[in-house]
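**Q** See upload.txt below, with compact mmCIF, C-alpha atoms and all ligand atoms.
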```
# COMPACT_ATOMS: atom_id res chain seq x y z
CA MET P 1084 102.98 89.43 123.20
CA SER P 1085 100.37 91.99 124.05
CA SER P 1086 98.69 91.30 127.33
CA THR P 1087 96.54 93.57 129.43
CA THR P 1088 98.61 92.48 132.41
CA GLY P 1089 101.90 93.00 130.59
CA ALA P 1090 104.06 96.07 130.04
CA ALA P 1091 102.78 99.11 128.19
CA VAL P 1092 103.23 99.02 124.45
CA SER P 1093 104.22 101.78 122.10
CA SER P 1094 104.11 102.84 118.41
CA ALA P 1095 100.95 104.07 116.72
CA SER P 1096 98.94 102.08 114.18
CA PRO P 1097 100.21 102.84 110.69
CA ALA P 1098 97.76 103.83 108.00
CA SER P 1099 96.45 101.15 105.64
CA THR P 1100 99.14 99.93 103.26
CA ALA P 1101 96.82 98.36 100.68
CA SER P 1102 97.94 98.84 97.11
CA ASN P 1103 94.57 97.45 95.99
CA ALA P 1104 91.93 99.55 97.73
CA HIS P 1105 89.38 96.74 97.23
CA LEU P 1106 91.41 94.17 99.14
CA PRO P 1107 91.28 94.54 102.92
CA VAL P 1108 94.67 94.79 104.59
CA HIS P 1109 93.25 93.53 107.87
CA VAL P 1110 90.39 91.05 108.25
CA ALA P 1111 89.09 90.34 111.77
CA ILE P 1112 86.67 87.51 112.50
CA ILE P 1113 84.30 86.65 115.34
CA MET P 1114 84.22 82.87 114.95
CA ASP P 1115 80.72 81.97 116.15
CA GLY P 1116 78.48 78.93 115.86
CA ASN P 1117 80.66 76.02 117.00
CA GLY P 1118 78.13 74.94 119.64
CA ARG P 1119 75.15 75.06 117.25
CA TRP P 1120 77.14 73.15 114.61
CA ALA P 1121 77.78 70.39 117.14
CA ALA P 1122 74.21 70.39 118.50
CA ALA P 1123 72.81 70.00 114.98
CA ARG P 1124 74.82 66.77 114.71
CA GLY P 1125 74.01 65.48 118.20
CA LEU P 1126 77.67 65.99 119.17
CA PRO P 1127 79.20 67.53 122.31
CA ARG P 1128 80.21 71.22 122.09
CA VAL P 1129 83.89 70.29 122.05
CA ALA P 1130 83.35 68.57 118.68
CA GLY P 1131 82.19 71.93 117.34
CA HIS P 1132 85.30 73.63 118.68
CA ARG P 1133 87.51 70.94 117.11
CA ALA P 1134 85.79 71.45 113.77
CA GLY P 1135 86.21 75.20 114.37
CA ALA P 1136 89.97 74.74 114.71
CA GLU P 1137 90.00 73.10 111.26
CA ALA P 1138 88.09 76.09 109.90
CA VAL P 1139 90.85 78.31 111.35
CA SER P 1140 93.38 76.49 109.15
CA ARG P 1141 91.18 76.87 106.04
CA CYS P 1142 90.67 80.56 106.80
CA LEU P 1143 94.39 81.16 107.23
CA ARG P 1144 95.15 79.40 103.94
CA ALA P 1145 92.57 81.55 102.15
CA ALA P 1146 93.79 84.79 103.74
CA LYS P 1147 97.35 84.04 102.74
CA ALA P 1148 96.41 83.03 99.20
CA LYS P 1149 94.45 86.25 98.73
CA GLY P 1150 97.27 88.46 100.02
CA VAL P 1151 95.59 89.72 103.20
CA GLU P 1152 98.30 91.08 105.53
CA TYR P 1153 96.62 90.79 108.93
CA LEU P 1154 94.07 88.26 110.16
CA THR P 1155 92.68 88.63 113.68
CA LEU P 1156 90.63 85.77 115.11
CA TYR P 1157 88.53 86.07 118.27
CA ALA P 1158 89.28 82.67 119.79
CA PHE P 1159 88.35 83.35 123.44
CA SER P 1160 86.72 86.45 124.88
CA SER P 1161 87.21 87.85 128.37
CA GLU P 1162 83.57 86.83 128.94
CA ASN P 1163 84.15 83.23 127.81
CA TRP P 1164 85.64 82.50 131.27
CA ARG P 1165 82.00 82.40 132.43
CA ARG P 1166 81.36 79.20 130.46
CA GLU P 1167 81.25 75.79 132.13
CA PRO P 1168 84.72 74.92 133.48
CA THR P 1169 84.75 71.78 131.29
CA GLU P 1170 84.23 73.88 128.15
CA VAL P 1171 86.94 76.35 129.21
CA ALA P 1172 89.27 73.38 129.78
CA ASP P 1173 88.35 71.92 126.38
CA LEU P 1174 89.07 75.22 124.63
CA THR P 1175 92.38 75.63 126.47
CA SER P 1176 93.45 72.07 125.56
CA LEU P 1177 92.48 72.66 121.95
CA LEU P 1178 94.54 75.81 121.86
CA LYS P 1179 97.56 73.96 123.31
CA TYR P 1180 97.09 71.17 120.76
CA TYR P 1181 96.85 73.73 117.96
CA LEU P 1182 100.02 75.49 119.11
CA ARG P 1183 101.97 72.23 119.38
CA HIS P 1184 100.88 70.88 116.03
CA LYS P 1185 100.50 73.94 113.84
CA VAL P 1186 103.07 76.55 114.84
CA ALA P 1187 105.98 74.88 113.00
CA GLU P 1188 103.85 74.63 109.86
CA LEU P 1189 102.72 78.26 110.13
CA HIS P 1190 106.33 79.33 110.64
CA LYS P 1191 107.38 77.47 107.47
CA GLU P 1192 104.63 79.29 105.59
CA GLY P 1193 105.94 82.67 106.73
CA VAL P 1194 103.11 83.45 109.17
CA ARG P 1195 103.87 85.70 112.11
CA ILE P 1196 101.79 84.93 115.21
CA ARG P 1197 100.82 87.45 117.88
CA PHE P 1198 98.52 87.02 120.84
CA VAL P 1199 96.39 89.77 122.35
CA GLY P 1200 94.39 89.60 125.56
CA ASP P 1201 94.69 89.04 129.28
CA LEU P 1202 96.99 86.11 128.59
CA GLY P 1203 98.22 85.63 132.18
CA ARG P 1204 94.84 84.09 133.05
CA PHE P 1205 95.81 80.98 131.08
CA GLY P 1206 98.66 80.22 133.50
CA PRO P 1207 102.44 80.24 133.13
CA ASP P 1208 102.77 77.05 131.05
CA LEU P 1209 100.49 78.20 128.27
CA VAL P 1210 101.90 81.74 128.43
CA ALA P 1211 105.39 80.25 127.90
CA GLU P 1212 104.10 78.41 124.81
CA LEU P 1213 102.52 81.58 123.46
CA GLU P 1214 105.80 83.45 123.97
CA ARG P 1215 107.73 80.69 122.18
CA ALA P 1216 105.35 80.81 119.21
CA GLU P 1217 105.68 84.60 119.00
CA ALA P 1218 109.46 84.51 119.26
CA LEU P 1219 109.81 81.76 116.63
CA THR P 1220 107.64 83.57 114.08
CA ALA P 1221 108.64 87.17 114.90
CA GLY P 1222 110.65 87.60 111.69
CA ASN P 1223 107.92 86.38 109.34
CA ALA P 1224 106.20 88.81 107.01
CA GLN P 1225 103.79 86.85 104.76
CA LEU P 1226 100.77 87.28 107.01
CA THR P 1227 100.35 88.31 110.63
CA LEU P 1228 97.88 86.19 112.58
CA LEU P 1229 96.59 87.85 115.74
CA LEU P 1230 94.85 85.43 118.06
CA ALA P 1231 92.63 87.23 120.55
CA LEU P 1232 92.61 85.16 123.74
CA SER P 1233 90.89 86.24 126.93
CA TYR P 1234 90.40 89.45 124.98
CA GLY P 1235 87.85 92.18 125.59
CA GLY P 1236 87.65 95.51 123.78
CA ARG P 1237 86.68 97.44 126.91
CA GLY P 1238 89.55 95.88 128.85
CA ASP P 1239 91.89 96.83 126.02
CA ILE P 1240 90.79 100.49 126.24
CA VAL P 1241 91.01 100.52 130.05
CA HIS P 1242 94.53 99.08 129.84
CA ALA P 1243 95.54 101.79 127.35
CA ALA P 1244 93.96 104.54 129.50
CA ARG P 1245 95.87 103.29 132.53
CA ALA P 1246 99.13 103.19 130.55
CA LEU P 1247 98.55 106.79 129.48
CA ALA P 1248 97.79 107.90 133.04
CA GLU P 1249 100.98 106.24 134.26
CA ALA P 1250 102.99 107.92 131.48
CA VAL P 1251 101.60 111.30 132.53
CA GLN P 1252 102.29 110.53 136.20
CA ARG P 1253 105.91 109.64 135.38
CA GLY P 1254 106.21 112.84 133.37
CA ASP P 1255 106.89 110.92 130.15
CA ILE P 1256 104.12 112.71 128.27
CA ALA P 1257 102.11 115.88 128.83
CA LEU P 1258 98.38 115.65 129.52
CA SER P 1259 97.85 117.82 126.43
CA ALA P 1260 99.66 115.20 124.31
CA ILE P 1261 96.93 112.63 124.89
CA ASP P 1262 95.15 112.13 121.60
CA GLU P 1263 93.80 109.25 119.51
CA THR P 1264 97.27 108.33 118.26
CA ALA P 1265 98.64 108.19 121.80
CA LEU P 1266 95.82 105.94 122.94
CA SER P 1267 95.99 103.67 119.86
CA ALA P 1268 99.70 103.23 120.52
CA ARG P 1269 98.88 101.71 123.91
CA LEU P 1270 96.22 99.28 122.78
CA LEU P 1271 97.12 95.59 122.60
CA THR P 1272 96.98 95.89 118.81
CA ALA P 1273 99.58 98.69 118.68
CA GLY P 1274 101.43 98.67 115.38
CA VAL P 1275 98.63 96.82 113.58
CA PRO P 1276 96.38 98.80 111.22
CA ASP P 1277 92.73 98.94 112.27
CA PRO P 1278 90.61 96.17 110.73
CA ASP P 1279 89.10 97.07 107.37
CA VAL P 1280 86.40 94.47 107.81
CA ILE P 1281 84.98 92.60 110.79
CA VAL P 1282 83.16 89.36 110.03
CA ARG P 1283 80.83 87.48 112.35
CA THR P 1284 79.58 84.05 111.45
CA SER P 1285 76.44 82.18 112.62
CA GLY P 1286 73.85 84.86 111.88
CA GLU P 1287 74.42 86.90 115.05
CA HIS P 1288 74.72 90.66 114.58
CA ARG P 1289 76.88 91.85 117.48
CA LEU P 1290 80.49 92.87 118.15
CA SER P 1291 80.52 91.20 121.58
CA ASN P 1292 83.33 93.35 123.01
CA PHE P 1293 85.66 92.71 120.03
CA LEU P 1294 88.07 95.48 118.93
CA LEU P 1295 85.72 98.25 120.09
CA TRP P 1296 88.15 101.12 119.50
CA GLN P 1297 89.73 99.62 116.40
CA SER P 1298 86.36 98.93 114.70
CA ALA P 1299 85.46 102.64 114.37
CA TYR P 1300 85.45 102.53 110.56
CA ALA P 1301 85.47 98.80 109.89
CA GLU P 1302 82.98 97.39 107.42
CA LEU P 1303 80.77 94.82 109.16
CA VAL P 1304 79.92 91.57 107.41
CA PHE P 1305 77.52 89.07 108.97
CA LEU P 1306 77.33 85.58 107.51
CA ASP P 1307 74.77 82.89 108.34
CA THR P 1308 77.49 80.22 107.99
CA LEU P 1309 78.36 78.47 111.24
CA TRP P 1310 82.09 78.84 111.91
CA PRO P 1311 82.99 75.12 111.47
CA ASP P 1312 81.55 75.33 107.92
CA PHE P 1313 83.68 78.39 107.05
CA ASP P 1314 85.96 77.61 104.12
CA GLU P 1315 87.94 79.23 101.30
CA ALA P 1316 84.71 80.05 99.42
CA SER P 1317 83.35 81.82 102.53
CA PHE P 1318 86.52 83.92 102.69
CA THR P 1319 86.19 84.84 99.01
CA ARG P 1320 82.57 85.83 99.69
CA VAL P 1321 83.71 88.18 102.45
CA LEU P 1322 86.22 89.80 100.10
CA ASP P 1323 83.56 90.19 97.40
CA ILE P 1324 81.13 91.83 99.83
CA TYR P 1325 83.91 94.13 101.08
CA ALA P 1326 84.95 95.10 97.54
CA ARG P 1327 81.40 96.34 96.83
CA ARG P 1328 81.28 98.59 99.91
CA GLU P 1329 82.03 102.28 99.53
CA ARG P 1330 84.22 103.51 102.39
CA ARG P 1331 84.07 107.22 103.08
CA PHE P 1332 85.47 107.51 106.61
CA GLY P 1333 82.96 110.24 107.39
CA ALA P 1334 83.66 112.30 104.26
CA ARG P 1335 80.87 113.38 101.89
CA PRO P 1336 80.50 111.38 98.66
CA ALA P 1337 82.36 112.93 95.68
C1 LIG G 1 82.02 80.66 119.54
O1 LIG G 1 81.11 79.63 119.23
C2 LIG G 1 83.36 80.14 119.51
C3 LIG G 1 84.22 80.16 120.57
C4 LIG G 1 83.89 80.74 121.87
C5 LIG G 1 85.55 79.56 120.47
C6 LIG G 1 86.28 79.73 119.18
C7 LIG G 1 87.27 78.64 119.09
C8 LIG G 1 87.61 78.00 117.97
C9 LIG G 1 87.16 78.40 116.63
C10 LIG G 1 88.49 76.81 118.00
C11 LIG G 1 89.82 77.00 118.63
C12 LIG G 1 90.65 78.01 117.96
C13 LIG G 1 91.96 77.87 117.79
C14 LIG G 1 92.74 79.00 117.27
C15 LIG G 1 92.65 76.61 118.07
P1 LIG G 1 80.06 79.17 120.33
O2 LIG G 1 80.67 78.06 121.10
O3 LIG G 1 79.64 80.34 121.15
O4 LIG G 1 78.90 78.65 119.42
P2 LIG G 1 77.34 78.75 119.72
O5 LIG G 1 77.00 80.22 119.79
O6 LIG G 1 76.75 78.07 118.52
O7 LIG G 1 77.08 78.02 120.99
```
Any chance you could put this one into structure tokens?
**A**
Amino acid sequence: MSSTTGAAVSSASPASTASNAHLPVHVAIIMDGNGRWAAARGLPRVAGHRAGAEAVSRCLRAAKAKGVEYLTLYAFSSENWRREPTEVADLTSLLKYYLRHKVAELHKEGVRIRFVGDLGRFGPDLVAELERAEALTAGNAQLTLLLALSYGGRGDIVHAARALAEAVQRGDIALSAIDETALSARLLTAGVPDPDVIVRTSGEHRLSNFLLWQSAYAELVFLDTLWPDFDEASFTRVLDIYARRERRFGARPA
């Protein structure tokens, strides 16, 4: 479990392992539009979040079927704590429900689950459930699902900077050894390749504090689809858009 309040993490992000350069190794998604989906139907916001949880299952199925290795979903941002307490409680309950009812199934399907964020804010009971889910699925290799919970990209970088400062203070590393690899190795996503593509649904064009360091060379895909309507066809569309992009990582075209 990678929590900003937890112990420092190690190991640098490996390079992309894609054998097919047109298939992203790591897809990350900002799941947006639950509230608008519910409002359009005259339903409470929680109904949108429930429908959003079903979209999570469809998205996971699609990612696995297509051979994507890492799927990161932004389920709760560090700023989402500012929402009405009832909505925060609804989202927390939904997460608990999802964990209780889906983890066994995900485990059977070979999905490894990891959580990234300031997880301690959810309280010891939920943290214990998150730890159990991670431990149960730790040996799985089909697909790694990273759920970003109480996650913020700036907080992630601050946490890594602090871990580096402490390592220098302890004498574990030299100041001159601080480089991009050393910082990446202390992010909550340590060991996970940077996302190849970041998707945001609902027509908004922002990163909203998601994977700020890790997104340096990610392709950005914005869909008008509201998250609860996201399905296998939407996932295929993302892959098609990605496959048509030319990635140069700052190099000049050949
Ligand atoms: C943004 O839509 C969505 C969220 C803040 C929560 C995302 C949660 C889920 C998809 C469901 C729970 C997930 C799991 C893994 C069980 P919004 O509410 O900001 O929508 P709006 O912009 O239309 O109001």
**Q** To check your reading of the model: which residues sit at most 9 Å from ligand LIG 1 (chain G) when counting all atoms listed in the file? Write the answer as a PDB file with C-alpha atoms, in the coordinates of the input.
**A**
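Okay, result00.pdb is ready:
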```
ATOM      1  CA  ILE P1113      84.300  86.650 115.340  1.00  0.00           C
ATOM      2  CA  MET P1114      84.220  82.870 114.950  1.00  0.00           C
ATOM      3  CA  ASP P1115      80.720  81.970 116.150  1.00  0.00           C
ATOM      4  CA  GLY P1116      78.480  78.930 115.860  1.00  0.00           C
ATOM      5  CA  ASN P1117      80.660  76.020 117.000  1.00  0.00           C
ATOM      6  CA  GLY P1118      78.130  74.940 119.640  1.00  0.00           C
ATOM      7  CA  ARG P1119      75.150  75.060 117.250  1.00  0.00           C
ATOM      8  CA  TRP P1120      77.140  73.150 114.610  1.00  0.00           C
ATOM      9  CA  ALA P1121      77.780  70.390 117.140  1.00  0.00           C
ATOM     10  CA  ALA P1122      74.210  70.390 118.500  1.00  0.00           C
ATOM     11  CA  ARG P1128      80.210  71.220 122.090  1.00  0.00           C
ATOM     12  CA  VAL P1129      83.890  70.290 122.050  1.00  0.00           C
ATOM     13  CA  GLY P1131      82.190  71.930 117.340  1.00  0.00           C
ATOM     14  CA  HIS P1132      85.300  73.630 118.680  1.00  0.00           C
ATOM     15  CA  ARG P1133      87.510  70.940 117.110  1.00  0.00           C
ATOM     16  CA  ALA P1134      85.790  71.450 113.770  1.00  0.00           C
ATOM     17  CA  GLY P1135      86.210  75.200 114.370  1.00  0.00           C
ATOM     18  CA  ALA P1136      89.970  74.740 114.710  1.00  0.00           C
ATOM     19  CA  GLU P1137      90.000  73.100 111.260  1.00  0.00           C
ATOM     20  CA  ALA P1138      88.090  76.090 109.900  1.00  0.00           C
ATOM     21  CA  VAL P1139      90.850  78.310 111.350  1.00  0.00           C
ATOM     22  CA  SER P1140      93.380  76.490 109.150  1.00  0.00           C
ATOM     23  CA  LEU P1156      90.630  85.770 115.110  1.00  0.00           C
ATOM     24  CA  TYR P1157      88.530  86.070 118.270  1.00  0.00           C
ATOM     25  CA  ALA P1158      89.280  82.670 119.790  1.00  0.00           C
ATOM     26  CA  PHE P1159      88.350  83.350 123.440  1.00  0.00           C
ATOM     27  CA  SER P1160      86.720  86.450 124.880  1.00  0.00           C
ATOM     28  CA  ASN P1163      84.150  83.230 127.810  1.00  0.00           C
ATOM     29  CA  GLU P1170      84.230  73.880 128.150  1.00  0.00           C
ATOM     30  CA  LEU P1174      89.070  75.220 124.630  1.00  0.00           C
ATOM     31  CA  THR P1175      92.380  75.630 126.470  1.00  0.00           C
ATOM     32  CA  SER P1176      93.450  72.070 125.560  1.00  0.00           C
ATOM     33  CA  LEU P1177      92.480  72.660 121.950  1.00  0.00           C
ATOM     34  CA  LEU P1178      94.540  75.810 121.860  1.00  0.00           C
ATOM     35  CA  LYS P1179      97.560  73.960 123.310  1.00  0.00           C
ATOM     36  CA  TYR P1180      97.090  71.170 120.760  1.00  0.00           C
ATOM     37  CA  TYR P1181      96.850  73.730 117.960  1.00  0.00           C
ATOM     38  CA  LEU P1182     100.020  75.490 119.110  1.00  0.00           C
ATOM     39  CA  LEU P1230      94.850  85.430 118.060  1.00  0.00           C
ATOM     40  CA  ALA P1231      92.630  87.230 120.550  1.00  0.00           C
ATOM     41  CA  LEU P1232      92.610  85.160 123.740  1.00  0.00           C
ATOM     42  CA  SER P1285      76.440  82.180 112.620  1.00  0.00           C
ATOM     43  CA  GLU P1287      74.420  86.900 115.050  1.00  0.00           C
ATOM     44  CA  LEU P1309      78.360  78.470 111.240  1.00  0.00           C
ATOM     45  CA  TRP P1310      82.090  78.840 111.910  1.00  0.00           C
ATOM     46  CA  PRO P1311      82.990  75.120 111.470  1.00  0.00           C
TER      47      PRO P1311
END
```
**Q** So, with only C-alpha atoms as the atoms that count, which of P:Glu1212, P:Lys1147, P:Val1304, P:His1242 lies closest to Arg1195 in chain P?
**A**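 The closest residue to Arg1195 in chain P is P:Lys1147.
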**Q** Could you tell me how far CA of Thr1308 in chain P lies from CA of Thr1284 in chain P, in Å and to one decimal?
**A**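 Here the two named atoms are 5.6 Å from each other.
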**Q** Between P:Glu1162, P:Glu1329, P:Asp1312, P:Asp1307, which one has atoms that come closest to Asp1279 in chain P, using all atoms listed in the file?
**A**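 Smallest distance to Asp1279 in chain P is found for P:Glu1329.
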**Q** Counting all atoms listed in the file, which of P:Ile1281, P:Cys1142, P:Ala1268, P:Ala1260 gets nearest to Asp1314 in chain P?
**A**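 Among the listed residues, P:Cys1142 lies closest to Asp1314 in chain P.
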**Q** To one decimal place in Å, what is the distance between CA of Tyr1300 in chain P and CA of Val1280 in chain P?
**A**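 These two atoms are separated by 8.6 Å.
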**Q** So how far away is CA of Tyr1153 in chain P from CA of Thr1227 in chain P, in Å?
**A**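 Taking CA of Thr1227 in chain P as the start and CA of Tyr1153 in chain P as the end point, the length is 4.8 Å.
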**Q** Show me, as number ranges by chain, the residues that have an atom within 12 Å of range 1331-1333 of chain P when counting only C-alpha atoms, minus same-chain residues fewer than 4 positions from it.
**A** P: 1279, 1298-1302, 1337
**Q** Quick one: of P:Arg1204, P:Arg1215, P:Lys1149, P:Arg1269, who's nearest to Ala1187 in chain P, counting all atoms listed in the file?
**A**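 Comparing P:Arg1204, P:Arg1215, P:Lys1149, P:Arg1269 against Ala1187 in chain P, the winner is P:Arg1215.
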**Q** Please determine the residues with any atom at most 12 Å from (82.4, 95.1, 104.4) (coordinates as given in the file, with all atoms listed in the file counting) and report them as a PyMOL selection string.
**A** chain P and resi 1105-1107+1109-1112+1278-1283+1298+1300-1306+1320-1330
**Q** Would you mind telling me which residue in P:Ser1233, P:Leu1294, P:Val1186, P:Asp1262 lies nearest to Arg1165 in chain P when using only C-alpha atoms?
**A**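 For Arg1165 in chain P, the nearest of the given residues is P:Ser1233.
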**Q** Considering all atoms listed in the file, state which residue in the set P:Ala1334, P:Ile1240, P:Ala1316, P:Ala1273 is at the smallest distance from Leu1295 in chain P.
**A**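 The answer is P:Ile1240, which sits nearest to Leu1295 in chain P.
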**Q** So which residues touch Glu1214 in chain P within 12 Å, counting all atoms listed in the file, skipping near sequence neighbours fewer than 2 positions away, as an NGL selection string?
**A** :P and (1084-1086 or 1182 or 1186 or 1196-1199 or 1202-1203 or 1207-1212 or 1216-1221)
**Q** Next, dump the selected residues to file, keeping only C-alpha atoms, as a short mmCIF file (atom, residue, chain, number, x, y, z; two decimals), in the frame of the given file.
**A**
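Result written to part_26.cif:
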```cif
data_model
loop_
_atom_site.label_atom_id
_atom_site.label_comp_id
_atom_site.auth_asym_id
_atom_site.auth_seq_id
_atom_site.Cartn_x
_atom_site.Cartn_y
_atom_site.Cartn_z
CA MET P 1084 102.98 89.43 123.20
CA SER P 1085 100.37 91.99 124.05
CA SER P 1086 98.69 91.30 127.33
CA LEU P 1182 100.02 75.49 119.11
CA VAL P 1186 103.07 76.55 114.84
CA ILE P 1196 101.79 84.93 115.21
CA ARG P 1197 100.82 87.45 117.88
CA PHE P 1198 98.52 87.02 120.84
CA VAL P 1199 96.39 89.77 122.35
CA LEU P 1202 96.99 86.11 128.59
CA GLY P 1203 98.22 85.63 132.18
CA PRO P 1207 102.44 80.24 133.13
CA ASP P 1208 102.77 77.05 131.05
CA LEU P 1209 100.49 78.20 128.27
CA VAL P 1210 101.90 81.74 128.43
CA ALA P 1211 105.39 80.25 127.90
CA GLU P 1212 104.10 78.41 124.81
CA ALA P 1216 105.35 80.81 119.21
CA GLU P 1217 105.68 84.60 119.00
CA ALA P 1218 109.46 84.51 119.26
CA LEU P 1219 109.81 81.76 116.63
CA THR P 1220 107.64 83.57 114.08
CA ALA P 1221 108.64 87.17 114.90
#
```
**Q** For range 1124-1141 of chain P, supply N, CA, C and O atoms and report the output as a tab-separated table (two decimals), in the coordinates of the input.
**A**
```
chain	number	residue	atom	x	y	z
P	1124	ARG	N	74.34	68.13	115.04
P	1124	ARG	CA	74.82	66.77	114.71
P	1124	ARG	C	74.73	65.82	115.90
P	1124	ARG	O	75.25	64.72	115.87
P	1125	GLY	N	74.12	66.31	116.99
P	1125	GLY	CA	74.01	65.48	118.20
P	1125	GLY	C	75.36	65.24	118.84
P	1125	GLY	O	75.56	64.22	119.53
P	1126	LEU	N	76.31	66.16	118.64
P	1126	LEU	CA	77.67	65.99	119.17
P	1126	LEU	C	77.90	66.91	120.37
P	1126	LEU	O	77.20	67.92	120.51
P	1127	PRO	N	78.88	66.61	121.22
P	1127	PRO	CA	79.20	67.53	122.31
P	1127	PRO	C	79.81	68.83	121.76
P	1127	PRO	O	80.38	68.83	120.66
P	1128	ARG	N	79.72	69.90	122.54
P	1128	ARG	CA	80.21	71.22	122.09
P	1128	ARG	C	81.67	71.17	121.66
P	1128	ARG	O	82.08	71.83	120.72
P	1129	VAL	N	82.46	70.35	122.36
P	1129	VAL	CA	83.89	70.29	122.05
P	1129	VAL	C	84.12	69.84	120.61
P	1129	VAL	O	85.09	70.26	119.96
P	1130	ALA	N	83.20	69.02	120.08
P	1130	ALA	CA	83.35	68.57	118.68
P	1130	ALA	C	83.21	69.78	117.75
P	1130	ALA	O	83.90	69.87	116.72
P	1131	GLY	N	82.34	70.71	118.13
P	1131	GLY	CA	82.19	71.93	117.34
P	1131	GLY	C	83.45	72.78	117.39
P	1131	GLY	O	83.88	73.35	116.39
P	1132	HIS	N	84.06	72.85	118.56
P	1132	HIS	CA	85.30	73.63	118.68
P	1132	HIS	C	86.43	72.98	117.88
P	1132	HIS	O	87.23	73.67	117.25
P	1133	ARG	N	86.46	71.62	117.90
P	1133	ARG	CA	87.51	70.94	117.11
P	1133	ARG	C	87.31	71.23	115.63
P	1133	ARG	O	88.28	71.53	114.92
P	1134	ALA	N	86.07	71.14	115.18
P	1134	ALA	CA	85.79	71.45	113.77
P	1134	ALA	C	86.10	72.93	113.49
P	1134	ALA	O	86.56	73.29	112.40
P	1135	GLY	N	85.90	73.77	114.51
P	1135	GLY	CA	86.21	75.20	114.37
P	1135	GLY	C	87.71	75.42	114.19
P	1135	GLY	O	88.12	76.31	113.44
P	1136	ALA	N	88.50	74.61	114.85
P	1136	ALA	CA	89.97	74.74	114.71
P	1136	ALA	C	90.39	74.38	113.28
P	1136	ALA	O	91.31	74.98	112.72
P	1137	GLU	N	89.69	73.42	112.67
P	1137	GLU	CA	90.00	73.10	111.26
P	1137	GLU	C	89.61	74.25	110.34
P	1137	GLU	O	90.31	74.54	109.37
P	1138	ALA	N	88.51	74.91	110.69
P	1138	ALA	CA	88.09	76.09	109.90
P	1138	ALA	C	89.13	77.20	110.01
P	1138	ALA	O	89.34	77.96	109.06
P	1139	VAL	N	89.79	77.30	111.17
P	1139	VAL	CA	90.85	78.31	111.35
P	1139	VAL	C	91.95	78.07	110.30
P	1139	VAL	O	92.42	79.00	109.65
P	1140	SER	N	92.33	76.81	110.12
P	1140	SER	CA	93.38	76.49	109.15
P	1140	SER	C	92.94	76.85	107.73
P	1140	SER	O	93.72	77.42	106.95
P	1141	ARG	N	91.68	76.54	107.39
P	1141	ARG	CA	91.18	76.87	106.04
P	1141	ARG	C	91.17	78.39	105.83
P	1141	ARG	O	91.54	78.90	104.78
```
